[in-house]
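Enquirer: Sending over target_8.cif (mmCIF, C-alpha atoms).
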```cif
data_my_file
#
loop_
_atom_site.label_atom_id
_atom_site.label_comp_id
_atom_site.auth_asym_id
_atom_site.auth_seq_id
_atom_site.Cartn_x
_atom_site.Cartn_y
_atom_site.Cartn_z
CA MET A 186 18.55 76.38 53.66
CA LYS A 187 20.58 74.35 51.18
CA LYS A 188 17.38 72.86 49.77
CA ASN A 189 15.92 76.33 49.23
CA LEU A 190 19.09 77.49 47.48
CA LEU A 191 19.05 74.38 45.27
CA LEU A 192 15.37 74.90 44.40
CA THR A 193 16.01 78.55 43.58
CA ALA A 194 18.92 77.59 41.33
CA VAL A 195 16.82 75.00 39.49
CA LEU A 196 13.98 77.49 38.97
CA MET A 197 16.42 80.09 37.64
CA LEU A 198 17.90 77.53 35.26
CA LEU A 199 14.45 76.54 33.99
CA SER A 200 13.59 80.20 33.54
CA CYS A 201 16.73 80.75 31.48
CA LEU A 202 16.02 77.68 29.35
CA THR A 203 12.45 78.84 28.74
CA ALA A 204 13.65 82.28 27.72
CA LEU A 205 16.23 80.72 25.43
CA SER A 206 13.58 78.49 23.86
CA ALA A 207 11.27 81.48 23.33
CA ASP A 208 14.09 83.43 21.69
CA GLU A 209 14.55 80.60 19.20
CA LEU A 210 10.95 80.83 17.99
CA ILE A 211 10.43 82.64 14.71
CA GLU A 212 7.87 85.27 13.77
CA PRO A 213 6.57 84.53 10.26
CA LYS A 214 5.95 87.27 7.72
CA TYR A 215 4.24 85.36 4.90
CA TYR A 216 1.64 82.60 4.60
CA ILE A 217 1.32 80.61 1.36
CA ASN A 218 -0.62 77.40 0.74
CA GLY A 219 -0.55 76.26 4.37
CA LEU A 220 3.10 77.19 4.98
CA TYR A 221 4.78 80.06 6.82
CA PHE A 222 7.87 81.98 5.73
CA THR A 223 10.13 84.80 6.88
CA ASP A 224 10.75 85.70 3.24
CA VAL A 225 9.70 84.60 -0.25
CA PRO A 226 11.23 85.03 -3.70
CA LYS A 227 10.07 88.30 -5.24
CA ASP A 228 9.07 86.60 -8.50
CA ILE A 229 6.29 84.75 -6.64
CA LEU A 230 4.50 88.07 -6.25
CA LYS A 231 4.42 88.35 -10.05
CA GLU A 232 2.59 85.05 -10.51
CA PRO A 233 -0.72 85.42 -12.43
CA GLY A 234 -3.68 85.63 -10.05
CA CYS A 235 -1.57 86.45 -7.00
CA SER A 236 -3.43 88.49 -4.43
CA MET A 237 -2.57 89.47 -0.89
CA SER A 238 -4.33 90.33 2.32
CA PHE A 239 -3.06 90.94 5.83
CA THR A 240 -3.82 89.85 9.35
CA ARG A 241 -2.25 91.29 12.48
CA HIS A 242 -0.81 89.66 15.57
CA ASP A 243 1.05 91.26 18.45
CA GLY A 244 1.05 94.59 16.60
CA LYS A 245 2.67 93.15 13.47
CA SER A 246 1.27 92.36 10.03
CA LEU A 247 1.43 88.95 8.44
CA CYS A 248 0.95 88.82 4.67
CA ILE A 249 -1.35 86.14 3.25
CA LEU A 250 -0.58 85.38 -0.39
CA ARG A 251 -3.35 83.67 -2.35
CA PHE A 252 -3.04 82.02 -5.75
CA PRO A 253 -5.25 80.08 -8.18
CA ALA A 254 -5.76 76.43 -7.28
CA SER A 255 -3.36 75.38 -10.06
CA PHE A 256 -0.41 77.19 -8.44
CA ASN A 257 2.21 75.11 -6.62
CA LEU A 258 5.27 76.21 -4.70
CA SER A 259 8.62 74.90 -5.89
CA GLU A 260 10.49 72.38 -3.74
CA ASP A 261 13.21 74.98 -3.15
CA VAL A 262 10.69 77.46 -1.70
CA ILE A 263 8.94 74.78 0.36
CA ALA A 264 12.32 73.90 1.88
CA THR A 265 12.56 77.41 3.35
CA ALA A 266 9.21 77.17 5.17
CA ILE A 267 9.24 77.55 8.96
CA PRO A 268 8.29 74.34 10.81
CA ALA A 269 5.13 74.80 12.86
CA ASP A 270 6.93 74.01 16.12
CA LYS A 271 9.37 76.85 15.45
CA ILE A 272 6.70 79.51 14.97
CA LYS A 273 6.04 81.94 17.81
CA ASP A 274 2.36 81.83 18.92
CA PHE A 275 1.61 79.32 16.17
CA ASP A 276 -1.85 78.30 17.43
CA ILE A 277 -3.03 81.91 17.70
CA ILE A 278 -1.63 82.91 14.31
CA ASP A 279 -2.91 79.80 12.53
CA LYS A 280 -6.41 80.40 13.90
CA LYS A 281 -6.36 84.00 12.62
CA ILE A 282 -5.07 82.90 9.23
CA LYS A 283 -7.83 80.32 8.85
CA ARG A 284 -10.48 82.91 9.70
CA SER A 285 -9.00 85.33 7.18
CA LEU A 286 -8.98 82.63 4.51
CA ALA A 287 -12.60 81.75 5.31
CA PHE A 288 -13.52 85.41 4.88
CA TRP A 289 -11.82 85.70 1.48
CA GLU A 290 -13.35 82.42 0.37
CA ILE A 291 -16.82 83.71 1.18
CA MET A 292 -16.08 87.02 -0.54
CA ASP A 293 -14.99 85.15 -3.67
CA TYR A 294 -18.23 83.18 -3.50
CA ALA A 295 -20.24 86.38 -3.10
CA GLU A 296 -18.57 87.92 -6.13
CA GLN A 297 -19.10 84.84 -8.29
CA HIS A 298 -22.78 84.51 -7.31
CA ALA A 299 -23.66 88.17 -6.90
CA ARG A 300 -27.35 89.07 -7.02
CA ARG A 301 -27.89 92.81 -6.91
CA LEU A 302 -30.48 93.77 -4.34
CA LYS A 303 -32.74 96.70 -5.23
CA VAL A 304 -35.42 98.61 -3.37
CA GLY A 305 -38.80 97.58 -4.77
CA ASP A 306 -37.73 93.99 -5.50
CA LYS A 307 -39.51 91.05 -3.94
CA PHE A 308 -37.34 89.67 -1.16
CA PRO A 309 -35.81 86.39 -2.49
CA ASP A 310 -37.08 83.06 -1.25
CA PHE A 311 -34.66 81.52 1.23
CA LYS A 312 -34.13 78.82 3.84
CA ALA A 313 -31.49 79.09 6.56
CA PRO A 314 -30.82 77.24 9.85
CA ASP A 315 -30.74 78.80 13.32
CA LYS A 316 -28.51 77.54 16.16
CA ASP A 317 -30.88 74.66 16.88
CA GLY A 318 -30.97 73.58 13.24
CA VAL A 319 -34.52 74.88 12.78
CA GLU A 320 -34.96 76.09 9.22
CA ILE A 321 -36.24 79.65 8.83
CA SER A 322 -37.85 80.77 5.58
CA ASN A 323 -40.01 83.54 4.12
CA LYS A 324 -43.09 81.89 5.61
CA ASP A 325 -41.86 82.81 9.09
CA PHE A 326 -42.47 86.52 8.51
CA GLU A 327 -45.41 86.53 6.10
CA GLY A 328 -47.56 89.62 6.71
CA LYS A 329 -44.95 91.15 9.03
CA VAL A 330 -42.16 93.67 8.69
CA MET A 331 -38.80 91.87 8.62
CA VAL A 332 -35.29 93.21 9.24
CA LEU A 333 -32.20 91.18 8.32
CA ASN A 334 -28.68 92.04 9.50
CA LEU A 335 -25.70 90.44 7.70
CA TRP A 336 -22.49 90.28 9.73
CA TYR A 337 -19.43 88.18 10.62
CA THR A 338 -17.22 87.88 13.70
CA GLY A 339 -14.19 89.69 12.23
CA CYS A 340 -16.23 92.81 11.42
CA GLY A 341 -15.60 95.53 14.03
CA PRO A 342 -18.50 97.77 12.91
CA CYS A 343 -20.81 94.74 13.03
CA ARG A 344 -19.93 94.08 16.66
CA LYS A 345 -20.11 97.76 17.58
CA GLU A 346 -23.71 98.17 16.41
CA MET A 347 -25.05 95.03 18.12
CA PRO A 348 -26.04 96.67 21.45
CA GLU A 349 -28.00 99.37 19.57
CA LEU A 350 -29.72 96.83 17.32
CA SER A 351 -30.72 94.80 20.38
CA THR A 352 -32.81 97.70 21.69
CA TRP A 353 -35.02 97.49 18.62
CA THR A 354 -36.65 94.17 19.57
CA GLY A 355 -38.30 95.83 22.57
CA ARG A 356 -39.11 98.98 20.64
CA PHE A 357 -40.75 97.09 17.73
CA PRO A 358 -42.14 93.82 19.17
CA ASP A 359 -44.25 93.17 16.06
CA VAL A 360 -41.22 93.16 13.72
CA LYS A 361 -39.26 90.01 12.84
CA PHE A 362 -35.55 90.61 13.42
CA TYR A 363 -32.99 88.18 11.99
CA SER A 364 -29.22 88.20 11.76
CA SER A 365 -27.21 85.98 9.44
CA THR A 366 -23.58 84.89 9.18
CA TRP A 367 -21.88 82.22 7.09
CA GLU A 368 -19.96 81.18 10.20
CA THR A 369 -20.95 78.23 12.36
CA PRO A 370 -22.61 78.59 15.80
CA ASP A 371 -19.44 77.54 17.67
CA VAL A 372 -17.57 80.47 16.07
CA ALA A 373 -20.33 83.08 16.09
CA LEU A 374 -22.23 82.46 19.34
CA PRO A 375 -19.45 83.65 21.70
CA VAL A 376 -19.46 87.03 19.92
CA LEU A 377 -23.25 87.28 19.96
CA GLU A 378 -23.37 86.44 23.66
CA LYS A 379 -20.56 88.85 24.51
CA HIS A 380 -22.40 91.75 22.88
CA GLY A 381 -25.88 90.64 23.96
CA PHE A 382 -27.24 90.60 20.41
CA ASN A 383 -30.82 89.39 20.89
CA TRP A 384 -32.12 88.94 17.33
CA HIS A 385 -33.03 85.52 15.91
CA HIS A 386 -29.68 84.30 14.56
CA LEU A 387 -29.11 82.25 11.41
CA PHE A 388 -25.80 80.43 10.89
CA ALA A 389 -23.68 78.52 8.38
CA ASP A 390 -25.46 80.15 5.48
CA LYS A 391 -23.79 81.98 2.61
CA GLN A 392 -26.68 82.76 0.27
CA PHE A 393 -27.21 86.20 1.79
CA VAL A 394 -23.65 87.41 1.11
CA CYS A 395 -24.53 87.34 -2.58
CA TRP A 396 -26.75 90.39 -1.93
CA LEU A 397 -23.99 92.62 -0.54
CA ASN A 398 -23.85 94.61 -3.79
CA GLY A 399 -20.06 94.63 -3.40
CA LEU A 400 -20.30 97.09 -0.50
CA GLY A 401 -19.36 94.98 2.50
CA PHE A 402 -20.52 94.38 6.08
CA PRO A 403 -22.61 95.00 8.02
CA MET A 404 -25.64 95.11 5.75
CA THR A 405 -29.15 95.63 7.06
CA ILE A 406 -32.26 95.05 4.95
CA VAL A 407 -35.85 96.11 5.69
CA VAL A 408 -38.71 94.13 4.09
CA ASP A 409 -42.34 95.28 4.27
CA LYS A 410 -45.45 93.25 5.10
CA LYS A 411 -45.90 92.32 1.43
CA GLY A 412 -42.40 90.89 1.18
CA THR A 413 -40.91 93.81 -0.75
CA VAL A 414 -37.44 95.22 -0.09
CA ARG A 415 -38.00 98.76 1.13
CA HIS A 416 -34.58 99.80 2.41
CA PHE A 417 -31.03 98.57 2.87
CA THR A 418 -27.72 99.98 4.07
CA ASN A 419 -24.12 98.78 3.96
CA GLY A 420 -21.94 99.88 6.85
CA THR A 421 -23.11 101.53 10.03
CA ASN A 422 -23.19 104.93 11.71
CA ALA A 423 -25.79 107.04 13.53
CA GLU A 424 -27.26 108.37 10.28
CA LYS A 425 -27.59 104.92 8.71
CA LEU A 426 -29.14 103.42 11.84
CA ALA A 427 -31.65 106.29 11.89
CA SER A 428 -32.54 105.59 8.25
CA ILE A 429 -33.24 101.94 9.08
CA ILE A 430 -35.51 102.92 11.97
CA GLU A 431 -37.36 105.35 9.73
CA ALA A 432 -37.93 102.58 7.17
CA ILE A 433 -39.16 100.20 9.88
CA GLU A 434 -41.63 102.76 11.22
CA THR A 435 -42.91 103.51 7.71
CA CYS A 436 -43.47 99.84 6.93
CA ARG A 437 -45.18 99.21 10.27
CA ALA A 438 -47.62 102.05 9.67
CA GLU A 439 -48.79 100.68 6.31
#
```
Written as structure tokens, how would this file's structure read?
Expert:
Amino acid sequence: MKKNLLLTAVLMLLSCLTALSADELIEPKYYINGLYFTDVPKDILKEPGCSMSFTRHDGKSLCILRFPASFNLSEDVIATAIPADKIKDFDIIDKKIKRSLAFWEIMDYAEQHARRLKVGDKFPDFKAPDKDGVEISNKDFEGKVMVLNLWYTGCGPCRKEMPELSTWTGRFPDVKFYSSTWETPDVALPVLEKHGFNWHHLFADKQFVCWLNGLGFPMTIVVDKKGTVRHFTNGTNAEKLASIIEAIETCRAE
């Protein structure tokens, strides 16, 4: 009896200490150059080239401030940064931040290397690896209709359309279906498997994002048997999916 009471008291004490420790953790509001803050001097927001984006965690927004590579925080500001071990849910937040930064980095790359895609153009020559490292190129769909879907794991509409797109491989067995993301297989495959996306997937490749025409993800491109771009859409809805199917059927019939 005494042992049980002692054990109960110890467990209650540990519970209180855990709760106290959790209460001491801080929820950051800003991320700058690898550091987290609850507040930042307002004049930082006026720095040339400052841009901001947001990620959410636990129903709250965390502001990511980005600056040119030449920008450095002052020692006074750095001193106010929250230590990593004092940040609530640090591992989860840091992972989200890194994915957001990777997205903006790829968008910057796409803007700097933009190549406008137009219907009637010859589909550009390319080489891109699949999950096994096998390089796929234009030669793999010579004389066939090809459909390419550009996506990334943080894109909700991309994930939402995957089950519908997967039905097309059975409906059009003679068509070559590819998907492409700049993300690596270890990041992208869990999403593809969760949604059962059954196209031939290409990874760790950023050349295709240069063809987004500044209109975002997902983007789906239809190429005819002669290697000519016949149709493309940015975004997804029932009408856009129907337009892609119509383009596929037209190209198959030629």
Enquirer: Applied to the shown file, which residues does the PyMOL selection byres ((chain A and resi 210-216) around 6) return, written as a list in words?
Expert: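 Here the PyMOL selection byres ((chain A and resi 210-216) around 6) matches Ala207, Asp208, Glu209, Ile217, Leu220, Tyr221, Phe222, Thr223, Leu247, Cys248, Ile249, Lys271, Ile272 and Lys273 of chain A.
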Enquirer: Excluding Val360 (chain A) and residues on its chain fewer than 4 positions from it, collect all residues at most 12 Å away from it, counting all atoms listed in the file, and give them as a list in words.
Expert: Asp325, Phe326, Glu327, Gly328, Lys329, Val330, Met331, Val332, Leu333, Trp353, Thr354, Gly355, Arg356, Trp384, His385, Val407, Val408, Asp409, Lys410, Ile430, Ala432, Ile433, Glu434, Cys436, Arg437 and Ala438 of chain A
Enquirer: Using all atoms listed in the file, which of the listed residues (A:Gly234, A:Gly412, A:Gly420, A:Gly381) sits closest to Gly399 (chain A)?
Expert: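 Answer, going by the shortest atom-to-atom distance: A:Gly420.
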Enquirer: What is the distance between CA of Ala423 (chain A) and CA of Pro342 (chain A), in Å to one decimal?
Expert: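 Computing it gives 11.8 Å between the two atoms.
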Enquirer: When you look at Ser285 (chain A) with a cut-off of 12 Å (counting all atoms listed in the file), what residues show up, excluding the ones that are within fewer than 6 positions of it in the same chain? I need them as a PyMOL selection string.
Expert: chain A and resi 216+237-241+247-251+278-279+291-292+337-340
Enquirer: Find the residues around Thr418 (chain A) up to 7 Å (all atoms listed in the file counted), leave out those fewer than 4 positions away in its own chain, and share them as a VMD selection string.
Expert: chain A and resid 404 to 406 425
